[in-house]
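Participant: Just work14.csv, nothing more (CSV, C-alpha atoms and all ligand atoms):
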chain,number,residue,atom,x,y,z
V,297,MET,CA,53.6,77.4,56.2
V,298,LYS,CA,52.3,74.1,54.8
V,299,ARG,CA,48.8,73.1,54.0
V,300,ILE,CA,48.0,69.7,55.4
V,301,PHE,CA,45.2,67.3,55.0
V,302,LEU,CA,44.9,65.1,58.1
V,303,THR,CA,42.3,62.3,58.6
V,304,GLY,CA,41.1,61.5,62.1
V,305,ALA,CA,41.9,64.9,63.6
V,306,SER,CA,39.2,64.8,66.2
V,307,SER,CA,41.0,62.7,68.9
V,308,GLY,CA,44.2,60.9,70.0
V,309,ILE,CA,47.1,60.9,67.7
V,310,GLY,CA,45.4,62.9,64.9
V,311,LEU,CA,44.3,65.7,67.3
V,312,ALA,CA,47.9,65.9,68.8
V,313,ILE,CA,49.3,66.1,65.3
V,314,ALA,CA,46.8,68.8,64.3
V,315,ARG,CA,47.6,70.9,67.4
V,316,ALA,CA,51.4,70.6,66.9
V,317,LEU,CA,51.1,71.5,63.2
V,318,ILE,CA,49.0,74.6,64.0
V,319,GLN,CA,51.3,75.7,66.8
V,320,ASN,CA,54.1,75.5,64.3
V,321,GLY,CA,52.3,77.8,61.8
V,322,HIS,CA,50.8,75.2,59.4
V,323,GLU,CA,47.2,75.1,58.3
V,324,VAL,CA,45.3,71.9,58.7
V,325,TRP,CA,42.2,70.5,57.0
V,326,GLY,CA,41.3,68.0,59.7
V,327,THR,CA,38.6,65.3,59.2
V,328,SER,CA,36.1,63.6,61.5
V,329,ARG,CA,32.8,61.8,60.8
V,330,ARG,CA,31.3,64.5,63.0
V,331,THR,CA,32.9,67.9,62.4
V,332,GLU,CA,31.7,69.2,65.8
V,333,ARG,CA,34.4,67.0,67.2
V,334,ILE,CA,37.1,69.0,65.6
V,335,PRO,CA,38.3,71.9,67.9
V,336,ALA,CA,37.7,75.4,66.6
V,337,LEU,CA,41.3,76.6,66.3
V,338,LEU,CA,42.8,79.3,64.2
V,339,GLY,CA,44.4,77.4,61.3
V,340,MET,CA,42.1,74.4,61.5
V,341,HIS,CA,39.5,73.7,58.8
V,342,ALA,CA,37.0,71.0,59.8
V,343,VAL,CA,36.2,68.5,57.0
V,344,ALA,CA,33.4,65.8,57.3
V,345,LEU,CA,34.8,62.5,56.1
V,346,ASP,CA,33.8,58.9,56.7
V,347,LEU,CA,36.2,56.4,55.3
V,348,ALA,CA,33.5,53.8,55.2
V,349,ASP,CA,31.6,55.9,52.7
V,350,ARG,CA,33.3,55.0,49.4
V,351,GLU,CA,31.1,57.2,47.3
V,352,SER,CA,32.1,60.5,49.0
V,353,LEU,CA,35.8,60.1,49.6
V,354,GLY,CA,37.0,61.6,46.2
V,355,ALA,CA,34.6,64.5,46.2
V,356,THR,CA,35.5,65.3,49.9
V,357,PHE,CA,39.2,65.3,49.2
V,358,ARG,CA,38.9,67.4,46.0
V,359,SER,CA,36.7,69.9,47.6
V,360,ALA,CA,39.1,70.4,50.6
V,361,SER,CA,42.0,70.5,48.1
V,362,ARG,CA,40.3,73.3,46.1
V,363,GLU,CA,39.7,75.2,49.3
V,364,ALA,CA,43.3,74.8,50.3
V,365,GLY,CA,44.7,75.6,46.8
V,366,GLU,CA,46.9,72.5,47.1
V,367,PHE,CA,48.1,70.2,49.9
V,368,ASP,CA,51.8,70.0,50.7
V,369,VAL,CA,51.3,67.1,53.0
V,370,VAL,CA,48.5,64.4,53.4
V,371,ILE,CA,48.4,62.3,56.5
V,372,ASN,CA,46.2,59.2,56.5
V,373,ASN,CA,45.7,58.7,60.2
V,374,ALA,CA,42.1,57.8,60.9
V,375,GLY,CA,41.3,54.3,62.0
V,376,SER,CA,39.5,52.0,64.5
V,377,GLY,CA,39.7,48.4,65.6
V,378,TYR,CA,37.8,45.2,66.1
V,379,PHE,CA,38.6,42.9,69.0
V,380,GLY,CA,37.4,39.3,69.2
V,381,ARG,CA,38.1,35.8,67.8
V,382,ALA,CA,38.7,35.9,64.0
V,383,GLU,CA,36.1,33.2,63.5
V,384,SER,CA,33.4,35.5,64.9
V,385,LEU,CA,34.1,38.2,62.4
V,386,SER,CA,31.5,38.3,59.7
V,387,SER,CA,32.6,38.9,56.1
V,388,GLU,CA,30.6,42.2,56.1
V,389,GLU,CA,32.5,43.4,59.2
V,390,LEU,CA,35.8,42.3,57.6
V,391,ALA,CA,35.0,44.2,54.4
V,392,ARG,CA,34.0,47.3,56.4
V,393,HIS,CA,37.3,47.1,58.3
V,394,PHE,CA,39.3,46.9,55.1
V,395,GLN,CA,37.3,49.7,53.5
V,396,VAL,CA,38.2,52.0,56.5
V,397,LEU,CA,41.8,50.9,57.1
V,398,VAL,CA,43.0,49.9,53.6
V,399,PHE,CA,40.8,50.9,50.6
V,400,GLY,CA,39.8,54.3,51.8
V,401,GLN,CA,43.4,55.2,52.8
V,402,ILE,CA,44.8,53.9,49.5
V,403,GLU,CA,42.2,56.0,47.6
V,404,LEU,CA,43.2,59.1,49.5
V,405,MET,CA,46.9,58.3,49.0
V,406,HIS,CA,46.4,57.9,45.2
V,407,LEU,CA,44.4,61.2,45.0
V,408,ALA,CA,47.2,63.0,47.0
V,409,LEU,CA,50.0,61.6,44.9
V,410,GLU,CA,48.2,62.4,41.7
V,411,ALA,CA,47.6,66.0,42.9
V,412,MET,CA,51.3,66.3,43.9
V,413,LYS,CA,52.6,65.1,40.5
V,414,GLY,CA,55.1,67.6,39.0
V,415,ARG,CA,55.3,69.6,42.1
V,416,PRO,CA,58.7,70.4,43.6
V,417,ARG,CA,57.8,68.7,46.9
V,418,GLY,CA,55.1,66.6,48.5
V,419,LEU,CA,54.7,64.2,51.4
V,420,VAL,CA,52.2,61.5,52.2
V,421,ILE,CA,52.3,59.9,55.6
V,422,ASN,CA,50.4,56.7,56.2
V,423,VAL,CA,49.8,55.9,59.8
V,424,THR,CA,49.9,52.1,60.0
V,425,SER,CA,50.9,50.3,63.1
V,426,LEU,CA,53.6,48.2,64.7
V,427,ALA,CA,50.8,45.6,64.7
V,428,SER,CA,51.5,45.2,61.0
V,429,ARG,CA,54.7,43.4,62.1
V,430,LEU,CA,54.0,42.2,65.6
V,431,PRO,CA,50.3,41.2,65.5
V,432,VAL,CA,48.0,41.6,68.5
V,433,PRO,CA,46.0,38.5,69.4
V,434,PHE,CA,42.3,38.7,68.6
V,435,MET,CA,42.8,41.7,66.3
V,436,ALA,CA,43.3,39.7,63.1
V,437,ALA,CA,41.4,42.1,60.8
V,438,TYR,CA,43.2,45.1,62.2
V,439,ASN,CA,46.6,43.5,62.1
V,440,ALA,CA,46.0,42.3,58.5
V,441,ALA,CA,44.6,45.6,57.4
V,442,LYS,CA,47.6,47.5,58.8
V,443,ALA,CA,50.0,45.0,57.2
V,444,ALA,CA,48.2,45.4,53.9
V,445,LEU,CA,48.6,49.2,54.0
V,446,ALA,CA,52.2,48.9,55.1
V,447,SER,CA,53.0,46.6,52.2
V,448,TYR,CA,51.1,48.8,49.7
V,449,THR,CA,53.1,51.8,51.0
V,450,MET,CA,56.4,50.0,50.6
V,451,SER,CA,55.4,48.9,47.1
V,452,MET,CA,54.5,52.5,46.1
V,453,GLN,CA,57.8,53.7,47.6
V,454,LEU,CA,59.5,51.4,45.0
V,455,GLU,CA,57.5,53.0,42.2
V,456,LEU,CA,58.0,56.6,43.4
V,457,GLY,CA,61.8,56.2,43.7
V,458,ASN,CA,63.7,59.2,45.0
V,459,GLY,CA,61.6,61.9,43.4
V,460,PRO,CA,60.5,65.1,45.2
V,461,VAL,CA,57.2,63.5,46.4
V,462,ARG,CA,57.8,61.2,49.4
V,463,LEU,CA,55.7,58.6,51.1
V,464,VAL,CA,56.3,57.5,54.7
V,465,ASP,CA,55.0,54.6,56.7
V,466,LEU,CA,54.6,55.8,60.3
V,467,GLN,CA,54.1,52.9,62.6
V,468,PRO,CA,53.0,53.8,66.1
V,469,ALA,CA,53.6,51.2,68.9
V,470,ASP,CA,51.2,51.6,71.9
V,471,ILE,CA,50.3,55.2,72.3
V,472,ASN,CA,48.0,56.4,75.1
V,473,THR,CA,44.8,57.5,73.4
V,474,SER,CA,41.1,56.5,73.7
V,475,PHE,CA,41.5,54.2,70.7
V,476,ASN,CA,40.2,51.2,72.8
V,477,ASP,CA,37.0,53.0,73.6
V,478,ALA,CA,36.1,52.9,69.9
V,479,VAL,CA,37.1,49.3,69.4
V,480,ALA,CA,34.2,47.1,68.5
V,481,ARG,CA,34.3,44.0,70.8
V,482,ALA,CA,32.7,40.7,69.9
V,483,GLU,CA,31.1,38.9,72.8
V,484,SER,CA,33.2,36.0,74.0
V,485,ASN,CA,33.5,33.8,77.0
V,486,ASP,CA,36.9,32.7,76.1
V,487,PRO,CA,39.2,33.6,79.0
V,488,ARG,CA,42.2,34.1,76.6
V,489,VAL,CA,40.2,36.8,74.8
V,490,GLU,CA,39.6,38.6,78.1
V,491,GLN,CA,43.2,38.1,79.3
V,492,THR,CA,44.5,39.7,76.1
V,493,TRP,CA,42.1,42.6,76.3
V,494,GLN,CA,43.3,43.3,79.9
V,495,ALA,CA,46.9,43.3,78.6
V,496,VAL,CA,46.0,45.5,75.5
V,497,ASP,CA,44.2,48.0,77.7
V,498,ARG,CA,47.0,48.1,80.4
V,499,ASN,CA,49.7,48.5,77.7
V,500,MET,CA,47.8,51.5,76.2
V,501,LYS,CA,47.2,53.2,79.5
V,502,ASN,CA,51.0,52.9,80.3
V,503,ALA,CA,52.1,54.0,76.9
V,504,PRO,CA,53.6,57.4,75.9
V,505,PRO,CA,51.2,60.3,75.0
V,506,PRO,CA,50.3,61.1,71.4
V,507,ASP,CA,52.5,64.2,71.4
V,508,LEU,CA,55.4,61.8,70.8
V,509,VAL,CA,53.9,60.9,67.4
V,510,ALA,CA,53.1,64.6,66.8
V,511,ARG,CA,56.8,65.5,67.3
V,512,ALA,CA,57.8,62.7,64.9
V,513,VAL,CA,55.5,64.2,62.3
V,514,LEU,CA,56.9,67.7,62.7
V,515,LYS,CA,60.3,66.2,62.1
V,516,LEU,CA,59.2,64.3,59.0
V,517,ILE,CA,57.7,67.4,57.5
V,518,ALA,CA,60.8,69.4,58.0
V,519,GLN,CA,63.1,66.8,56.3
V,520,ASP,CA,64.2,66.9,52.7
V,521,ASN,CA,64.8,63.2,52.8
V,522,PRO,CA,62.5,61.6,55.3
V,523,PRO,CA,63.0,58.0,56.3
V,524,PRO,CA,60.6,55.6,54.4
V,525,ARG,CA,59.4,54.0,57.7
V,526,ILE,CA,59.5,55.1,61.3
V,527,THR,CA,58.3,53.4,64.5
V,528,VAL,CA,57.2,55.6,67.3
V,529,GLY,CA,56.6,54.4,70.9
V,530,ASP,CA,58.5,53.5,74.0
V,531,THR,CA,62.0,52.1,73.7
V,532,PHE,CA,61.1,48.5,74.2
V,533,GLN,CA,58.1,48.4,71.8
V,534,SER,CA,59.6,50.7,69.1
V,535,GLY,CA,63.2,49.6,69.2
V,536,VAL,CA,64.0,46.4,71.1
V,537,ALA,CA,61.0,44.2,70.3
V,538,PRO,CA,60.9,44.7,66.5
V,539,LEU,CA,64.7,44.2,66.3
V,540,VAL,CA,64.7,40.9,68.3
V,541,PHE,CA,61.5,39.8,66.5
V,542,ARG,CA,63.2,40.1,63.1
V,543,LEU,CA,65.9,37.6,64.1
V,544,LEU,CA,63.6,35.0,65.5
V,545,PRO,CA,62.1,31.9,63.8
V,546,GLN,CA,58.3,32.1,63.4
V,547,ARG,CA,57.7,29.4,66.1
V,548,VAL,CA,59.6,31.5,68.7
V,549,ARG,CA,57.9,34.7,67.5
V,550,LEU,CA,54.4,33.1,68.2
V,551,TRP,CA,55.6,31.8,71.6
V,552,GLY,CA,57.0,35.3,72.5
V,553,LEU,CA,53.8,37.1,71.5
V,554,LYS,CA,51.6,34.7,73.5
V,555,LYS,CA,53.9,35.2,76.5
V,556,TYR,CA,53.8,39.0,76.1
V,557,TYR,CA,50.0,38.9,76.2
V,558,GLY,CA,49.8,36.2,78.9
V,559,ILE,CA,47.9,33.7,76.9
V,601,LIG,N1,46.8,54.4,69.9
V,601,LIG,C1,47.6,53.4,69.5
V,601,LIG,O1,48.2,52.7,70.4
V,601,LIG,C2,47.9,53.2,68.1
V,601,LIG,C3,48.9,52.2,67.8
V,601,LIG,C4,49.2,52.0,66.4
V,601,LIG,C5,48.5,52.6,65.4
V,601,LIG,N2,47.5,53.5,65.8
V,601,LIG,C6,46.8,54.1,64.7
V,601,LIG,O2,46.8,55.5,64.8
V,601,LIG,C7,45.6,56.0,64.2
V,601,LIG,C8,44.9,57.0,65.2
V,601,LIG,O3,44.5,56.2,66.3
V,601,LIG,P1,44.3,56.9,67.8
V,601,LIG,O4,44.9,56.0,68.8
V,601,LIG,O5,44.5,58.3,67.8
V,601,LIG,O6,42.7,56.6,67.9
V,601,LIG,P2,41.4,57.5,68.3
V,601,LIG,O7,41.8,58.5,69.4
V,601,LIG,O8,40.3,56.6,68.4
V,601,LIG,O9,41.2,58.4,66.9
V,601,LIG,C9,40.8,57.8,65.8
V,601,LIG,C10,40.4,58.8,64.8
V,601,LIG,O10,40.0,58.2,63.6
V,601,LIG,C11,38.7,58.7,63.2
V,601,LIG,N3,37.9,57.7,62.6
V,601,LIG,C12,37.6,56.5,63.1
V,601,LIG,N4,36.8,55.8,62.3
V,601,LIG,C13,36.7,56.5,61.1
V,601,LIG,C14,36.0,56.4,59.9
V,601,LIG,N5,35.3,55.3,59.6
V,601,LIG,N6,36.1,57.4,59.0
V,601,LIG,C15,36.8,58.5,59.3
V,601,LIG,N7,37.4,58.7,60.4
V,601,LIG,C16,37.4,57.7,61.3
V,601,LIG,C17,38.1,59.2,64.5
V,601,LIG,O11,37.2,60.3,64.1
V,601,LIG,P3,35.7,60.4,64.4
V,601,LIG,O12,35.3,59.3,65.4
V,601,LIG,O13,35.5,61.8,65.0
V,601,LIG,O14,35.0,60.3,63.1
V,601,LIG,C18,39.3,59.8,65.2
V,601,LIG,O15,39.6,61.1,64.9
V,601,LIG,C19,44.7,54.9,63.8
V,601,LIG,O16,44.9,54.6,62.4
V,601,LIG,C20,45.3,53.7,64.6
V,601,LIG,O17,45.1,52.5,64.0
V,601,LIG,C21,47.2,53.8,67.1
Would you mind writing the file's structure down as structure tokens?

Facilitator:
Amino acid sequence: MKRIFLTGASSGIGLAIARALIQNGHEVWGTSRRTERIPALLGMHAVALDLADRESLGATFRSASREAGEFDVVINNAGSGYFGRAESLSSEELARHFQVLVFGQIELMHLALEAMKGRPRGLVINVTSLASRLPVPFMAAYNAAKAALASYTMSMQLELGNGPVRLVDLQPADINTSFNDAVARAESNDPRVEQTWQAVDRNMKNAPPPDLVARAVLKLIAQDNPPPRITVGDTFQSGVAPLVFRLLPQRVRLWGLKKYYGI
């Protein structure tokens, strides 16, 4: 049985991960901004956490950690998006985005790694996104934040080396959740923005269910030597597209992404 701290356990990918972990005999300290959104399951401990609230993050993590004894695994999963032209993004909104998707997650990762120091095993999983490599149009802040966390994760993997505490960058491609319902959308009369939104929404509705990510997490937790980065999604998005993308010059990448979103 492992004790696991999981952010964003109230819906979508996080909820699927929480359910799978509990079904497999693990205990989960699952977070939400509103704990009533966390299902009352045996093995689930609801934790109130808002990544936008810098002041409370450390105290919340430490208090959950004391309750658990110690965490074997910490999963940074919570997140949300902003959709609209980058020019319409205020610097306040941009900073709020980076607080939630980058600074808050880094703070939790540091706290987790510090607490795991000297222990025989430990695992931190950062849920970034395929958008860190293949950006989605009109989601500049989200793409950039996910790329920042992915790069920070890779940098820390260099520092950690092959010790007993491991760090994994889990990059979902499109996964069918209600993520888009929580996306803040800027008003726009640009038809390219609307066209992209239709494609983004359609892709997510046709995407695999979040259980796919939950199964990948169960596998990571069971491995002695987990891969440093995994991409989870349908075969085209998680396998073919990133591989082809890697080989293309930047001009062709931009052309391909515009074609993909129909803009
Ligand atoms: N679905 C996809 O296609 C996809 C693709 C790539 C990456 N991802 C990433 O996967 C993660 C989970 O997304 P999802 O699709 O499962 O979305 P979701 O269903 O909207 O779930 C998002 C979770 O994050 C929590 N959350 C949102 N803002 C928060 C904040 N400021 N502080 C603390 N918690 C917050 C929400 O909890 P409350 O609202 O209850 O507080 C909820 O539990 C995100 O990091 C997302 O970027 C998703």

Participant: Fewer than 4 positions away in the same chain doesn't count, so skip those; otherwise give me all residues within 12 Å of Val423 (chain V), counting only C-alpha atoms, as a PDB file with C-alpha atoms, keeping the file's coordinate frame.

Facilitator:
ATOM      1  CA  LEU V 302      44.900  65.100  58.100  1.00  0.00           C
ATOM      2  CA  THR V 303      42.300  62.300  58.600  1.00  0.00           C
ATOM      3  CA  GLY V 304      41.100  61.500  62.100  1.00  0.00           C
ATOM      4  CA  ILE V 309      47.100  60.900  67.700  1.00  0.00           C
ATOM      5  CA  GLY V 310      45.400  62.900  64.900  1.00  0.00           C
ATOM      6  CA  ILE V 313      49.300  66.100  65.300  1.00  0.00           C
ATOM      7  CA  VAL V 370      48.500  64.400  53.400  1.00  0.00           C
ATOM      8  CA  ILE V 371      48.400  62.300  56.500  1.00  0.00           C
ATOM      9  CA  ASN V 372      46.200  59.200  56.500  1.00  0.00           C
ATOM     10  CA  ASN V 373      45.700  58.700  60.200  1.00  0.00           C
ATOM     11  CA  ALA V 374      42.100  57.800  60.900  1.00  0.00           C
ATOM     12  CA  GLY V 375      41.300  54.300  62.000  1.00  0.00           C
ATOM     13  CA  SER V 376      39.500  52.000  64.500  1.00  0.00           C
ATOM     14  CA  LEU V 397      41.800  50.900  57.100  1.00  0.00           C
ATOM     15  CA  VAL V 398      43.000  49.900  53.600  1.00  0.00           C
ATOM     16  CA  GLN V 401      43.400  55.200  52.800  1.00  0.00           C
ATOM     17  CA  ILE V 402      44.800  53.900  49.500  1.00  0.00           C
ATOM     18  CA  MET V 405      46.900  58.300  49.000  1.00  0.00           C
ATOM     19  CA  ALA V 427      50.800  45.600  64.700  1.00  0.00           C
ATOM     20  CA  SER V 428      51.500  45.200  61.000  1.00  0.00           C
ATOM     21  CA  ALA V 441      44.600  45.600  57.400  1.00  0.00           C
ATOM     22  CA  LYS V 442      47.600  47.500  58.800  1.00  0.00           C
ATOM     23  CA  ALA V 443      50.000  45.000  57.200  1.00  0.00           C
ATOM     24  CA  LEU V 445      48.600  49.200  54.000  1.00  0.00           C
ATOM     25  CA  ALA V 446      52.200  48.900  55.100  1.00  0.00           C
ATOM     26  CA  THR V 449      53.100  51.800  51.000  1.00  0.00           C
ATOM     27  CA  LEU V 463      55.700  58.600  51.100  1.00  0.00           C
ATOM     28  CA  VAL V 464      56.300  57.500  54.700  1.00  0.00           C
ATOM     29  CA  ASP V 465      55.000  54.600  56.700  1.00  0.00           C
ATOM     30  CA  LEU V 466      54.600  55.800  60.300  1.00  0.00           C
ATOM     31  CA  GLN V 467      54.100  52.900  62.600  1.00  0.00           C
ATOM     32  CA  PRO V 468      53.000  53.800  66.100  1.00  0.00           C
ATOM     33  CA  ALA V 469      53.600  51.200  68.900  1.00  0.00           C
ATOM     34  CA  VAL V 509      53.900  60.900  67.400  1.00  0.00           C
ATOM     35  CA  ALA V 510      53.100  64.600  66.800  1.00  0.00           C
ATOM     36  CA  ALA V 512      57.800  62.700  64.900  1.00  0.00           C
ATOM     37  CA  VAL V 513      55.500  64.200  62.300  1.00  0.00           C
ATOM     38  CA  ARG V 525      59.400  54.000  57.700  1.00  0.00           C
ATOM     39  CA  ILE V 526      59.500  55.100  61.300  1.00  0.00           C
ATOM     40  CA  THR V 527      58.300  53.400  64.500  1.00  0.00           C
ATOM     41  CA  VAL V 528      57.200  55.600  67.300  1.00  0.00           C
TER      42      VAL V 528
END

Participant: One decimal, Å: what's the distance from CA of Pro487 (chain V) over to CA of Ala537 (chain V), could you say?

Facilitator: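 Those two atoms sit 25.8 Å apart.
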
Participant: Rank V:Thr531, V:Gln319, V:Asn458, V:Thr473 by their smallest atom-to-atom distance to ligand LIG 601 (chain V), using all atoms listed in the file, and report the top residue only.

Facilitator: V:Thr473

Participant: Tell me which of V:Leu514, V:Met340, V:Val396, V:Ala437 sits closest to Ser384 (chain V), counting only C-alpha atoms.

Facilitator: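 Looking only at the distances to Ser384 (chain V), the closest residue turns out to be V:Ala437.
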
Participant: From the list V:Arg462, V:Arg429, V:Arg392, V:Lys515, which residue is nearest Arg542 (chain V) when using all atoms listed in the file?

Facilitator: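 When distances to Arg542 (chain V) are compared using all atoms listed in the file, the smallest one comes from V:Arg429.
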
Participant: Distance CA of Met435 (chain V)-CA of Pro523 (chain V), one decimal place?

Facilitator: 27.8 Å

Participant: For Val496 (chain V), which residue out of V:Pro538, V:Phe379, V:Leu456, V:Gly529 is the nearest one, using only C-alpha atoms?

Facilitator: V:Phe379

Participant: Go through V:Gly457, V:Pro335, V:Gly377, V:Pro545 one by one, measure the shortest atom-to-atom distance of each to ligand LIG 601 (chain V) using only C-alpha atoms and all ligand atoms, and give the residue with the smallest value.

Facilitator: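 Using only C-alpha atoms and all ligand atoms, ligand LIG 601 (chain V) sits closest to V:Gly377.
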